[in-house]
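J.: File input_19.txt below, compact mmCIF, C-alpha atoms and all ligand atoms:
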```
# COMPACT_ATOMS: atom_id res chain seq x y z
CA MET A 1185 110.29 91.27 120.73
CA ARG A 1186 112.23 90.41 123.81
CA PHE A 1187 110.99 86.79 123.57
CA ARG A 1188 111.97 86.75 119.91
CA ALA A 1189 115.45 88.03 120.68
CA ALA A 1190 115.84 85.45 123.42
CA PHE A 1191 114.58 82.75 121.08
CA THR A 1192 117.03 83.79 118.35
CA GLY A 1193 119.76 83.75 120.97
CA LEU A 1194 118.78 80.20 121.92
CA VAL A 1195 118.81 79.07 118.30
CA THR A 1196 122.25 80.63 117.84
CA LEU A 1197 123.49 78.95 121.02
CA ALA A 1198 122.04 75.64 119.82
CA SER A 1199 123.84 75.91 116.48
CA VAL A 1200 127.07 76.76 118.29
CA ILE A 1201 126.67 73.67 120.47
CA ALA A 1202 125.84 71.53 117.43
CA ALA A 1203 128.87 72.88 115.61
CA ALA A 1204 131.22 72.60 118.61
CA PRO A 1205 134.27 70.56 117.72
CA VAL A 1206 134.16 67.08 119.12
CA GLY A 1207 137.31 65.60 120.57
CA ASP A 1208 138.92 66.24 123.87
CA THR A 1209 137.27 69.66 124.17
CA ASP A 1210 133.79 68.08 124.33
CA PRO A 1211 133.11 67.25 128.00
CA GLU A 1212 130.72 64.45 127.00
CA VAL A 1213 133.39 62.74 124.89
CA ALA A 1214 135.81 63.01 127.81
CA ALA A 1215 133.16 61.66 130.21
CA ALA A 1216 132.40 58.75 127.87
CA GLN A 1217 136.10 57.89 127.76
CA ARG A 1218 136.35 58.01 131.55
CA ILE A 1219 133.35 55.65 131.85
CA ILE A 1220 135.18 53.20 129.57
CA ASP A 1221 138.20 53.39 131.90
CA LEU A 1222 136.08 52.77 135.01
CA GLN A 1223 134.26 49.95 133.24
CA ALA A 1224 137.68 48.37 132.55
CA ILE A 1225 138.60 48.59 136.25
CA TYR A 1226 135.30 46.91 137.17
CA HIS A 1227 135.72 44.26 134.49
CA LYS A 1228 139.24 43.40 135.65
CA GLN A 1229 138.04 43.26 139.26
CA ILE A 1230 135.33 40.72 138.42
CA PHE A 1231 137.74 38.45 136.55
CA THR A 1232 140.32 38.73 139.35
CA ASP A 1233 137.67 37.74 141.89
CA ILE A 1234 136.65 34.60 140.00
CA ALA A 1235 140.07 33.66 138.60
CA ASP A 1236 140.79 30.85 141.07
CA ARG A 1237 137.28 29.55 141.53
CA GLN A 1238 136.65 25.91 140.73
CA MET A 1239 132.99 25.95 141.77
CA GLY A 1240 130.06 28.34 141.45
CA CYS A 1241 130.56 31.35 139.25
CA SER A 1242 133.92 31.01 137.48
CA VAL A 1243 135.68 32.08 134.29
CA LYS A 1244 134.25 28.95 132.69
CA ASN A 1245 130.57 29.81 133.10
CA ILE A 1246 130.32 33.58 133.50
CA GLN A 1247 127.80 35.19 131.13
CA ILE A 1248 128.76 38.38 129.30
CA ARG A 1249 126.04 41.01 128.99
CA LYS A 1250 126.43 43.17 125.89
CA GLU A 1251 125.19 46.48 124.50
CA TRP A 1252 122.39 45.86 122.00
CA SER A 1253 124.30 47.33 119.05
CA THR A 1254 127.17 44.87 119.60
CA LEU A 1255 125.02 41.73 119.44
CA CYS A 1256 125.40 39.84 116.17
CA ASP A 1257 122.33 39.64 113.95
CA GLU A 1258 121.66 36.01 114.90
CA ASP A 1259 121.62 36.88 118.61
CA LYS A 1260 119.36 39.90 118.04
CA ALA A 1261 116.92 37.77 116.06
CA ALA A 1262 117.04 35.00 118.68
CA PHE A 1263 116.49 37.43 121.55
CA ILE A 1264 113.48 39.00 119.83
CA ALA A 1265 112.09 35.54 119.06
CA ALA A 1266 112.55 34.50 122.70
CA VAL A 1267 110.62 37.56 123.91
CA GLY A 1268 107.86 36.59 121.46
CA CYS A 1269 107.99 33.04 122.82
CA LEU A 1270 107.62 34.24 126.43
CA ASN A 1271 104.67 36.29 125.25
CA SER A 1272 103.00 33.19 123.80
CA LEU A 1273 103.42 30.85 126.78
CA PRO A 1274 100.48 30.74 129.20
CA ALA A 1275 100.48 32.98 132.28
CA GLU A 1276 100.99 31.41 135.68
CA THR A 1277 99.29 34.30 137.50
CA PRO A 1278 95.82 33.16 138.68
CA LEU A 1279 92.95 34.90 136.88
CA GLU A 1280 91.56 36.25 140.17
CA ARG A 1281 94.90 37.94 140.85
CA ALA A 1282 95.20 39.66 137.44
CA ALA A 1283 92.61 39.01 134.75
CA GLY A 1284 94.79 40.85 132.22
CA ALA A 1285 97.70 38.42 132.54
CA HIS A 1286 97.42 36.10 129.56
CA THR A 1287 101.05 35.13 128.96
CA ARG A 1288 104.26 34.42 130.83
CA TYR A 1289 105.50 37.83 129.67
CA ASP A 1290 102.53 39.36 131.50
CA ASP A 1291 103.47 37.56 134.73
CA PHE A 1292 106.50 39.85 134.92
CA VAL A 1293 104.39 42.97 134.35
CA VAL A 1294 102.00 41.89 137.12
CA ALA A 1295 104.83 41.19 139.57
CA HIS A 1296 106.28 44.62 138.79
CA ILE A 1297 102.91 46.36 139.24
CA GLU A 1298 102.39 44.61 142.58
CA GLN A 1299 105.85 45.39 143.94
CA THR A 1300 106.11 48.98 142.65
CA PRO A 1301 105.12 50.72 145.92
CA LEU A 1302 107.98 48.93 147.69
CA VAL A 1303 110.75 48.71 145.11
CA HIS A 1304 111.07 52.21 143.63
CA ALA A 1305 112.68 55.21 145.33
CA SER A 1306 113.56 52.82 148.17
CA GLY A 1307 116.38 50.66 149.48
CA LEU A 1308 114.94 47.73 147.51
CA PHE A 1309 115.10 49.44 144.11
CA LEU A 1310 118.47 48.22 142.82
CA PRO A 1311 118.40 44.68 144.33
CA PHE A 1312 114.79 44.08 143.20
CA HIS A 1313 115.45 45.03 139.60
CA ARG A 1314 118.71 43.04 139.47
CA TYR A 1315 116.89 39.82 140.35
CA PHE A 1316 113.77 40.70 138.33
CA LEU A 1317 115.98 40.91 135.21
CA HIS A 1318 117.71 37.67 136.19
CA LEU A 1319 114.35 35.88 136.42
CA TYR A 1320 113.34 37.25 133.01
CA GLU A 1321 116.68 36.16 131.54
CA GLN A 1322 116.31 32.67 133.05
CA ASP A 1323 112.86 32.33 131.51
CA LEU A 1324 114.16 33.42 128.10
CA ARG A 1325 116.84 30.74 128.40
CA THR A 1326 114.98 27.85 130.01
CA LYS A 1327 111.49 28.29 128.55
CA CYS A 1328 112.42 29.87 125.20
CA ALA A 1329 115.86 28.41 124.40
CA TYR A 1330 117.71 31.73 124.19
CA THR A 1331 121.46 31.15 124.36
CA GLY A 1332 122.95 34.53 123.40
CA PRO A 1333 124.12 37.38 125.63
CA PHE A 1334 121.59 39.30 127.70
CA PRO A 1335 121.50 42.78 126.12
CA TYR A 1336 121.52 46.23 127.65
CA TRP A 1337 120.74 49.61 126.09
CA ASP A 1338 123.47 52.14 126.88
CA TRP A 1339 121.45 55.34 126.59
CA SER A 1340 124.55 57.45 127.20
CA LEU A 1341 125.59 56.55 123.62
CA SER A 1342 122.37 57.94 122.12
CA TYR A 1343 121.81 60.79 124.57
CA GLN A 1344 121.64 63.41 121.82
CA ASP A 1345 118.60 61.72 120.26
CA PRO A 1346 117.21 58.32 121.22
CA ARG A 1347 115.81 58.02 117.69
CA ASN A 1348 119.42 57.28 116.68
CA ALA A 1349 119.75 54.30 119.05
CA SER A 1350 120.02 51.02 117.14
CA VAL A 1351 117.60 49.44 119.61
CA PHE A 1352 114.91 51.78 118.17
CA ASP A 1353 115.91 51.76 114.49
CA GLY A 1354 112.63 50.12 113.55
CA THR A 1355 114.13 47.19 111.65
CA ASP A 1356 113.25 43.59 112.43
CA LEU A 1357 116.55 43.46 114.36
CA SER A 1358 115.53 46.24 116.74
CA LEU A 1359 112.96 46.45 119.54
CA GLY A 1360 110.80 48.54 117.19
CA GLY A 1361 110.83 52.20 116.26
CA ASN A 1362 109.27 55.32 117.67
CA GLY A 1363 105.51 55.63 118.03
CA VAL A 1364 103.79 57.21 115.02
CA TYR A 1365 103.79 60.98 115.42
CA ILE A 1366 100.50 62.34 116.74
CA PRO A 1367 100.26 66.14 116.37
CA ASP A 1368 98.80 68.27 119.17
CA ARG A 1369 98.85 65.43 121.67
CA PRO A 1370 98.24 66.54 125.26
CA ALA A 1371 100.91 66.11 127.94
CA THR A 1372 100.81 62.97 130.08
CA ASN A 1373 100.36 63.50 133.81
CA ILE A 1374 102.07 60.67 135.63
CA SER A 1375 101.80 59.81 139.30
CA LEU A 1376 104.91 58.85 141.17
CA PRO A 1377 105.23 57.12 144.54
CA GLY A 1378 104.67 59.38 147.52
CA GLY A 1379 101.77 61.21 145.89
CA PHE A 1380 103.95 63.21 143.47
CA THR A 1381 102.68 64.01 140.00
CA LEU A 1382 104.65 65.15 137.02
CA THR A 1383 103.69 66.45 133.59
CA ILE A 1384 105.52 64.82 130.68
CA PRO A 1385 105.19 66.96 127.54
CA PRO A 1386 104.58 65.30 124.16
CA ALA A 1387 107.74 64.61 122.13
CA THR A 1388 108.42 63.11 118.69
CA GLY A 1389 105.96 60.18 118.56
CA GLY A 1390 102.95 59.41 120.71
CA GLY A 1391 101.13 56.73 118.67
CA CYS A 1392 101.51 53.00 118.07
CA VAL A 1393 104.90 51.50 117.27
CA GLU A 1394 104.36 50.54 113.62
CA SER A 1395 107.82 49.27 112.72
CA GLY A 1396 109.89 46.32 113.89
CA PRO A 1397 108.93 43.14 115.77
CA PHE A 1398 106.36 44.63 118.19
CA THR A 1399 103.79 46.14 115.80
CA PRO A 1400 100.07 45.84 116.62
CA ASP A 1401 99.66 42.69 114.48
CA LYS A 1402 102.39 40.91 116.50
CA PHE A 1403 102.34 42.40 119.99
CA GLU A 1404 99.60 43.40 122.38
CA VAL A 1405 99.95 45.40 125.58
CA ARG A 1406 97.37 44.07 128.01
CA LEU A 1407 98.05 45.41 131.50
CA GLY A 1408 97.99 48.97 132.85
CA PRO A 1409 98.10 51.85 132.64
CA VAL A 1410 98.35 52.41 136.37
CA ALA A 1411 100.27 55.67 136.65
CA TYR A 1412 98.29 57.78 134.17
CA GLU A 1413 94.74 58.22 132.90
CA PRO A 1414 92.73 56.42 131.80
CA VAL A 1415 93.80 53.76 134.30
CA GLY A 1416 93.10 50.23 133.05
CA PRO A 1417 90.39 47.97 134.54
CA ASP A 1418 91.03 46.50 138.02
CA GLY A 1419 93.59 49.21 138.73
CA GLY A 1420 95.64 48.12 135.73
CA LEU A 1421 95.55 44.37 136.43
CA GLY A 1422 92.54 43.77 134.18
CA TYR A 1423 92.52 43.03 130.45
CA ASN A 1424 93.10 46.22 128.48
CA PRO A 1425 94.29 45.24 124.98
CA ARG A 1426 96.07 47.96 122.98
CA CYS A 1427 99.10 48.65 120.86
CA LEU A 1428 102.58 49.40 122.21
CA THR A 1429 103.10 53.17 122.15
CA ARG A 1430 106.27 55.25 122.37
CA ASP A 1431 107.19 58.89 122.30
CA LEU A 1432 110.97 59.18 122.01
CA SER A 1433 112.22 62.41 123.57
CA PRO A 1434 115.52 64.07 122.64
CA GLU A 1435 114.97 66.35 125.67
CA PHE A 1436 114.83 63.71 128.43
CA SER A 1437 117.65 61.77 126.77
CA LYS A 1438 120.03 64.62 127.64
CA GLN A 1439 119.72 63.52 131.26
CA THR A 1440 121.35 60.21 130.37
CA ARG A 1441 124.40 61.89 128.85
CA PRO A 1442 127.82 60.47 129.74
CA SER A 1443 128.64 63.20 132.28
CA ARG A 1444 125.52 62.27 134.29
CA VAL A 1445 126.50 58.62 134.34
CA LEU A 1446 130.07 59.53 135.24
CA LYS A 1447 128.95 61.76 138.09
CA LEU A 1448 127.26 58.75 139.68
CA ILE A 1449 130.05 56.24 139.07
CA ASP A 1450 132.96 58.55 139.83
CA GLU A 1451 131.69 60.82 142.58
CA CYS A 1452 129.23 58.80 144.65
CA LYS A 1453 130.69 57.43 147.86
CA ASP A 1454 127.55 55.73 149.13
CA LEU A 1455 124.24 54.26 147.96
CA ALA A 1456 122.28 57.35 149.03
CA CYS A 1457 124.17 59.28 146.38
CA VAL A 1458 123.76 56.48 143.80
CA ASN A 1459 119.99 56.37 144.32
CA GLU A 1460 119.76 60.16 144.26
CA GLN A 1461 121.63 60.32 140.95
CA MET A 1462 119.33 57.62 139.58
CA ASP A 1463 116.08 59.46 140.28
CA ILE A 1464 116.40 62.90 141.78
CA PRO A 1465 119.80 64.48 141.13
CA ASP A 1466 120.27 67.68 143.12
CA GLY A 1467 116.66 67.45 144.29
CA VAL A 1468 115.17 67.60 140.78
CA PRO A 1469 113.09 64.63 139.55
CA GLY A 1470 114.92 62.99 136.65
CA GLY A 1471 118.33 61.31 136.68
CA VAL A 1472 119.53 58.40 134.61
CA HIS A 1473 116.88 55.92 135.75
CA ALA A 1474 113.85 58.20 135.46
CA ALA A 1475 115.08 59.86 132.27
CA GLY A 1476 115.73 56.45 130.71
CA HIS A 1477 112.01 55.79 131.10
CA TRP A 1478 110.86 59.27 130.15
CA GLN A 1479 112.87 59.43 126.93
CA VAL A 1480 111.02 56.30 125.70
CA GLY A 1481 107.64 57.59 126.77
CA LEU A 1482 104.09 56.27 127.25
CA GLU A 1483 104.20 52.60 128.37
CA ALA A 1484 107.68 53.32 129.74
CA LEU A 1485 106.35 56.30 131.74
CA ASP A 1486 104.17 54.04 133.84
CA ILE A 1487 106.26 53.28 136.90
CA TYR A 1488 103.98 50.29 137.61
CA ALA A 1489 103.39 48.69 134.20
CA SER A 1490 106.53 49.85 132.35
CA PRO A 1491 107.75 46.26 131.69
CA SER A 1492 104.95 46.21 129.08
CA ASP A 1493 107.54 47.75 126.72
CA PRO A 1494 110.20 45.11 125.93
CA VAL A 1495 112.88 47.83 126.06
CA PHE A 1496 112.29 48.02 129.84
CA TYR A 1497 114.64 45.08 130.38
CA LEU A 1498 117.44 46.63 128.35
CA HIS A 1499 117.05 49.96 130.14
CA HIS A 1500 117.18 48.27 133.52
CA ALA A 1501 120.17 46.17 132.49
CA GLN A 1502 121.96 49.46 131.87
CA ILE A 1503 120.83 50.71 135.31
CA ASP A 1504 122.19 47.49 136.80
CA ARG A 1505 125.40 47.99 134.80
CA VAL A 1506 125.89 51.50 136.16
CA TRP A 1507 125.34 50.20 139.71
CA THR A 1508 127.74 47.31 139.24
CA ILE A 1509 130.47 49.44 137.63
CA TRP A 1510 130.16 51.71 140.68
CA GLN A 1511 130.29 48.67 142.99
CA GLY A 1512 133.25 47.29 141.05
CA GLN A 1513 135.49 50.23 141.93
CA LYS A 1514 135.52 49.10 145.60
CA PRO A 1515 133.53 45.86 145.76
CA ALA A 1516 134.43 44.73 149.29
CA GLU A 1517 133.05 47.96 150.70
CA ARG A 1518 130.29 48.83 148.23
CA ASN A 1519 128.68 45.38 147.91
CA MET A 1520 127.90 45.57 151.63
CA MET A 1521 126.26 48.99 151.53
CA VAL A 1522 122.54 49.54 152.02
CA TRP A 1523 120.46 52.68 151.89
CA GLY A 1524 116.87 53.74 152.46
CA THR A 1525 113.74 52.08 153.73
CA GLY A 1526 111.49 49.37 152.31
CA THR A 1527 108.79 51.68 150.91
CA ALA A 1528 108.82 54.16 148.02
CA VAL A 1529 109.92 57.61 149.32
CA ASN A 1530 109.30 56.04 152.74
CA ASP A 1531 105.53 56.27 152.29
CA PRO A 1532 104.11 54.73 154.42
CA PRO A 1533 107.10 54.98 156.78
CA SER A 1534 109.07 51.74 157.18
CA PRO A 1535 112.33 50.73 158.88
CA ASN A 1536 115.69 51.25 157.19
CA VAL A 1537 116.66 48.21 155.18
CA THR A 1538 119.57 45.95 156.16
CA LEU A 1539 121.37 43.25 154.19
CA ASP A 1540 118.83 40.83 155.69
CA SER A 1541 115.76 42.73 154.48
CA ILE A 1542 113.49 40.70 152.25
CA VAL A 1543 112.65 41.49 148.64
CA GLU A 1544 109.50 39.91 147.17
CA PHE A 1545 108.85 38.82 143.59
CA GLY A 1546 105.18 37.83 143.67
CA ILE A 1547 104.44 34.66 141.74
CA LEU A 1548 107.79 34.79 139.92
CA ALA A 1549 110.07 33.47 142.66
CA PRO A 1550 110.48 33.01 146.42
CA PRO A 1551 111.66 36.07 148.36
CA LYS A 1552 115.35 36.92 148.59
CA SER A 1553 117.38 38.92 151.08
CA ILE A 1554 119.25 42.00 149.86
CA ARG A 1555 122.44 40.16 150.83
CA GLN A 1556 121.68 37.52 148.18
CA LEU A 1557 121.36 40.19 145.49
CA VAL A 1558 124.36 42.48 145.95
CA SER A 1559 127.04 40.57 144.04
CA THR A 1560 126.71 39.69 140.34
CA ILE A 1561 129.16 36.76 140.72
CA ASP A 1562 127.70 35.01 143.76
CA GLY A 1563 124.60 33.00 144.62
CA GLU A 1564 122.36 32.71 141.58
CA PHE A 1565 124.21 35.41 139.64
CA CYS A 1566 127.12 34.91 137.32
CA TYR A 1567 127.47 37.72 134.83
CA VAL A 1568 129.62 40.66 133.86
CA TYR A 1569 128.91 43.65 131.62
CA ASN A 1570 131.04 44.33 128.59
CU CU B 1601 110.79 49.11 138.21
```
So, in terms of structure tokens, how does the structure I just supplied come out?

T.:
Amino acid sequence: MRFRAAFTGLVTLASVIAAAPVGDTDPEVAAAQRIIDLQAIYHKQIFTDIADRQMGCSVKNIQIRKEWSTLCDEDKAAFIAAVGCLNSLPAETPLERAAGAHTRYDDFVVAHIEQTPLVHASGLFLPFHRYFLHLYEQDLRTKCAYTGPFPYWDWSLSYQDPRNASVFDGTDLSLGGNGVYIPDRPATNISLPGGFTLTIPPATGGGCVESGPFTPDKFEVRLGPVAYEPVGPDGGLGYNPRCLTRDLSPEFSKQTRPSRVLKLIDECKDLACVNEQMDIPDGVPGGVHAAGHWQVGLEALDIYASPSDPVFYLHHAQIDRVWTIWQGQKPAERNMMVWGTGTAVNDPPSPNVTLDSIVEFGILAPPKSIRQLVSTIDGEFCYVYN
């Protein structure tokens, strides 16, 4: 009876929250507005910095990255086609290195699998993923003729239910819908760097993505899993053909609500805080980076092979956007900050990183120093987020 009363209480509370008036009394609406203001400060800062440049990254050649829902239909279609193109070009990874890598798209998954123990929950996390996305974007442009904006998925807009995000609306102009609902599916036990394990309960999908451009007849996941059972052949580097699966979770998406993003951008004074808010806010696993993966589910849960799901790149563009909006509030100071060591949760122990620490990209590209990856308007980078 007591459980029932508590449950009824919860339902009542939930209906009160659902019925709460939106407007300036809703803290999430206020937080979303504040993010827009901070984004504007960052945006202005970038354009001030490049205003007088005649060479390198300038107002003439800067690329604008846009939220998926604001891309025009032609750009959405072209982006999806370019991903398909990358996934039809031959792999450059040697067979002995990863027998499951059949296409250029797979090369990125392999590089991510290989680098995972170094580039997550470490000082290399943000710089690695910034350049990893850049390499993917360059391939879409140079090998597959994509000319539109590189898209990001702002999960703070769809935090109440990721099934409402346009990127998952299941049309041909989305990255596909939810996985087909599988009743009574067991939880997924995922392993995280440092020997941690976590149980991810089943959510609203669980099966193959049967709508949109990445259905089983058009798209094959070949590598992984690495982080959950049954692990694919050769530790996830072998050939393991299967459909793309998703399990969109309106529980985990709450952790990417605007107030969580704002806490990072507005309150963090250093990169330790930024990284903590990304993955383990207040000591609890989750945060905007982890919860971005967990609310998609399945392929996206696999910290090693998660680039198997094409939405990975849009999620990480949003992570990069959050980092760069934070940097953009005080760029001179924050672009020079480093944090952490060069191994995931410092296991095995490694020295603290410096701006001269090296980040590796496997067969994708020669190594880079962190220093080369901190500014989005210098070196090889030239982009700004809208
Ligand atoms: Cu990653």

J.: Could you pull the residues within 9 Å of Pro1333 of chain A, counting all atoms listed in the file, minus those fewer than 5 positions along the same chain, as a PyMOL selection string?

T.: chain A and resi 1247-1250+1255+1259+1263

J.: Could you tell me, as an mmCIF file with C-alpha atoms, in the frame of the given file, which residues have any atom at most 12 Å from (101.8, 28.7, 124.7), counting all atoms listed in the file?

T.:
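Produced file result.cif, reproduced below:
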```
data_model
loop_
_atom_site.group_PDB
_atom_site.id
_atom_site.type_symbol
_atom_site.label_atom_id
_atom_site.label_comp_id
_atom_site.auth_asym_id
_atom_site.auth_seq_id
_atom_site.Cartn_x
_atom_site.Cartn_y
_atom_site.Cartn_z
ATOM 1 C CA GLY A 1268 107.860 36.590 121.460
ATOM 2 C CA CYS A 1269 107.990 33.040 122.820
ATOM 3 C CA LEU A 1270 107.620 34.240 126.430
ATOM 4 C CA ASN A 1271 104.670 36.290 125.250
ATOM 5 C CA SER A 1272 103.000 33.190 123.800
ATOM 6 C CA LEU A 1273 103.420 30.850 126.780
ATOM 7 C CA PRO A 1274 100.480 30.740 129.200
ATOM 8 C CA ALA A 1275 100.480 32.980 132.280
ATOM 9 C CA GLU A 1276 100.990 31.410 135.680
ATOM 10 C CA HIS A 1286 97.420 36.100 129.560
ATOM 11 C CA THR A 1287 101.050 35.130 128.960
ATOM 12 C CA ARG A 1288 104.260 34.420 130.830
ATOM 13 C CA TYR A 1289 105.500 37.830 129.670
ATOM 14 C CA LYS A 1327 111.490 28.290 128.550
ATOM 15 C CA CYS A 1328 112.420 29.870 125.200
#
```

J.: Measuring between all atoms listed in the file, which one of A:Tyr1336, A:Tyr1412, A:Tyr1365, A:Phe1309 shows the shortest distance to ligand CU 1601 (chain B)?

T.: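 Distance minimum relative to ligand CU 1601 (chain B) lands on A:Phe1309.
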
J.: Can I get the residues close to ligand CU 1601 (chain B) as a list in words, where close means within 8 Å and we count only C-alpha atoms and all ligand atoms?

T.: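 With only C-alpha atoms and all ligand atoms and a cut-off of 8 Å, ligand CU 1601 (chain B) is contacted by His1296, Thr1300, Val1303, His1304, Phe1309, His1313, Ile1487, Tyr1488, Ser1490, Pro1491 and His1500 of chain A.
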
J.: For Asp1291 of chain A, which of A:Pro1278, A:Gly1363, A:Pro1417, A:Gly1378 is the closest residue, counting only C-alpha atoms?

T.: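 Among the listed residues, the smallest separation from Asp1291 of chain A belongs to A:Pro1278.
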
J.: Between atom CA of Phe1565 of chain A and atom CA of Asp1504 of chain A, what is the distance, to one decimal in Å?

T.: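 Rounded to one decimal, the two atoms are 12.6 Å apart.
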
J.: Have a look at A:Leu1421, A:Ile1547, A:Ala1456, A:Ala1501 and name the one nearest to Gly1284 of chain A; count all atoms listed in the file.

T.: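 Looking at the shortest contact to Gly1284 of chain A, the residue is A:Leu1421.
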
J.: Would you pick out the contacts of Ala1285 of chain A at 8 Å or less, using only C-alpha atoms, so that residues sharing its chain but fewer than 4 positions from it are not included, and give the list as a list in words?

T.: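 Here the qualifying residues turn out to be Ala1275, Thr1277, Leu1279, Asp1290, Asp1291, Val1294, Arg1406, Leu1407, Leu1421, Gly1422 and Tyr1423 of chain A.
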
J.: Per residue of segment 1305-1351 of chain A within 9 Å of segment 1427-1434 of chain A, note the shortest atom pair and the distance in Å to one decimal, counting all atoms listed in the file, and order the rows by chain and increasing residue number, as a Markdown table.

T.:
```
| residue | atom | partner | partner_atom | distance |
| --- | --- | --- | --- | --- |
| A:Tyr1343 | CA | A:Pro1434 | CA | 7.4 |
| A:Gln1344 | CA | A:Pro1434 | CA | 6.2 |
| A:Asp1345 | CA | A:Pro1434 | CA | 4.5 |
| A:Pro1346 | CA | A:Pro1434 | CA | 6.2 |
| A:Arg1347 | CA | A:Leu1432 | CA | 6.6 |
```

J.: Can you spit out the residues from that selection as a compact mmCIF listing (two decimals), in the coordinates of the input, using C-alpha atoms?

T.:
```
# COMPACT_ATOMS: atom_id res chain seq x y z
CA TYR A 1343 121.81 60.79 124.57
CA GLN A 1344 121.64 63.41 121.82
CA ASP A 1345 118.60 61.72 120.26
CA PRO A 1346 117.21 58.32 121.22
CA ARG A 1347 115.81 58.02 117.69
```

J.: By how many Å are atom CA of His1477 of chain A and atom CA of Asp1493 of chain A apart?

T.: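 Computing the Euclidean distance for atom CA of His1477 of chain A and atom CA of Asp1493 of chain A yields 10.2 Å.
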
J.: Check the smallest atom-to-atom distance from each of A:Val1405, A:Ala1283, A:Cys1256, A:Lys1514 to Glu1483 of chain A using only C-alpha atoms, then report the winner.

T.: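 Looking at the shortest contact to Glu1483 of chain A, the residue is A:Val1405.
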
J.: Because the input lacks atoms here, generate N, CA and C atoms for segment 1557-1569 of chain A and report them as a PDB file, in the coordinates of the input.

T.:
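Result file follows (selection11.pdb):
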```pdb
ATOM      1  N   LEU A1557     121.521  39.512 146.781  1.00  0.00           N
ATOM      2  CA  LEU A1557     121.360  40.190 145.490  1.00  0.00           C
ATOM      3  C   LEU A1557     122.420  41.264 145.233  1.00  0.00           C
ATOM      4  N   VAL A1558     123.409  41.369 146.112  1.00  0.00           N
ATOM      5  CA  VAL A1558     124.360  42.480 145.950  1.00  0.00           C
ATOM      6  C   VAL A1558     125.536  42.168 145.027  1.00  0.00           C
ATOM      7  N   SER A1559     125.878  40.902 144.875  1.00  0.00           N
ATOM      8  CA  SER A1559     127.040  40.570 144.040  1.00  0.00           C
ATOM      9  C   SER A1559     126.582  39.870 142.757  1.00  0.00           C
ATOM     10  N   THR A1560     127.118  40.289 141.615  1.00  0.00           N
ATOM     11  CA  THR A1560     126.710  39.690 140.340  1.00  0.00           C
ATOM     12  C   THR A1560     127.501  38.406 140.025  1.00  0.00           C
ATOM     13  N   ILE A1561     128.378  37.989 140.954  1.00  0.00           N
ATOM     14  CA  ILE A1561     129.160  36.760 140.720  1.00  0.00           C
ATOM     15  C   ILE A1561     129.000  35.767 141.866  1.00  0.00           C
ATOM     16  N   ASP A1562     127.943  35.930 142.659  1.00  0.00           N
ATOM     17  CA  ASP A1562     127.700  35.010 143.760  1.00  0.00           C
ATOM     18  C   ASP A1562     126.243  34.576 143.779  1.00  0.00           C
ATOM     19  N   GLY A1563     125.971  33.487 144.535  1.00  0.00           N
ATOM     20  CA  GLY A1563     124.600  33.000 144.620  1.00  0.00           C
ATOM     21  C   GLY A1563     124.106  32.595 143.246  1.00  0.00           C
ATOM     22  N   GLU A1564     122.914  33.083 142.880  1.00  0.00           N
ATOM     23  CA  GLU A1564     122.360  32.710 141.580  1.00  0.00           C
ATOM     24  C   GLU A1564     122.938  33.495 140.416  1.00  0.00           C
ATOM     25  N   PHE A1565     123.702  34.546 140.727  1.00  0.00           N
ATOM     26  CA  PHE A1565     124.210  35.410 139.640  1.00  0.00           C
ATOM     27  C   PHE A1565     125.570  34.964 139.165  1.00  0.00           C
ATOM     28  N   CYS A1566     125.796  35.170 137.871  1.00  0.00           N
ATOM     29  CA  CYS A1566     127.120  34.910 137.320  1.00  0.00           C
ATOM     30  C   CYS A1566     127.241  35.651 135.982  1.00  0.00           C
ATOM     31  N   TYR A1567     127.388  36.956 136.068  1.00  0.00           N
ATOM     32  CA  TYR A1567     127.470  37.720 134.830  1.00  0.00           C
ATOM     33  C   TYR A1567     128.344  38.953 135.013  1.00  0.00           C
ATOM     34  N   VAL A1568     128.806  39.464 133.875  1.00  0.00           N
ATOM     35  CA  VAL A1568     129.620  40.660 133.860  1.00  0.00           C
ATOM     36  C   VAL A1568     129.182  41.472 132.636  1.00  0.00           C
ATOM     37  N   TYR A1569     129.274  42.795 132.759  1.00  0.00           N
ATOM     38  CA  TYR A1569     128.910  43.650 131.620  1.00  0.00           C
ATOM     39  C   TYR A1569     130.137  43.997 130.793  1.00  0.00           C
TER      40      TYR A1569
END
```
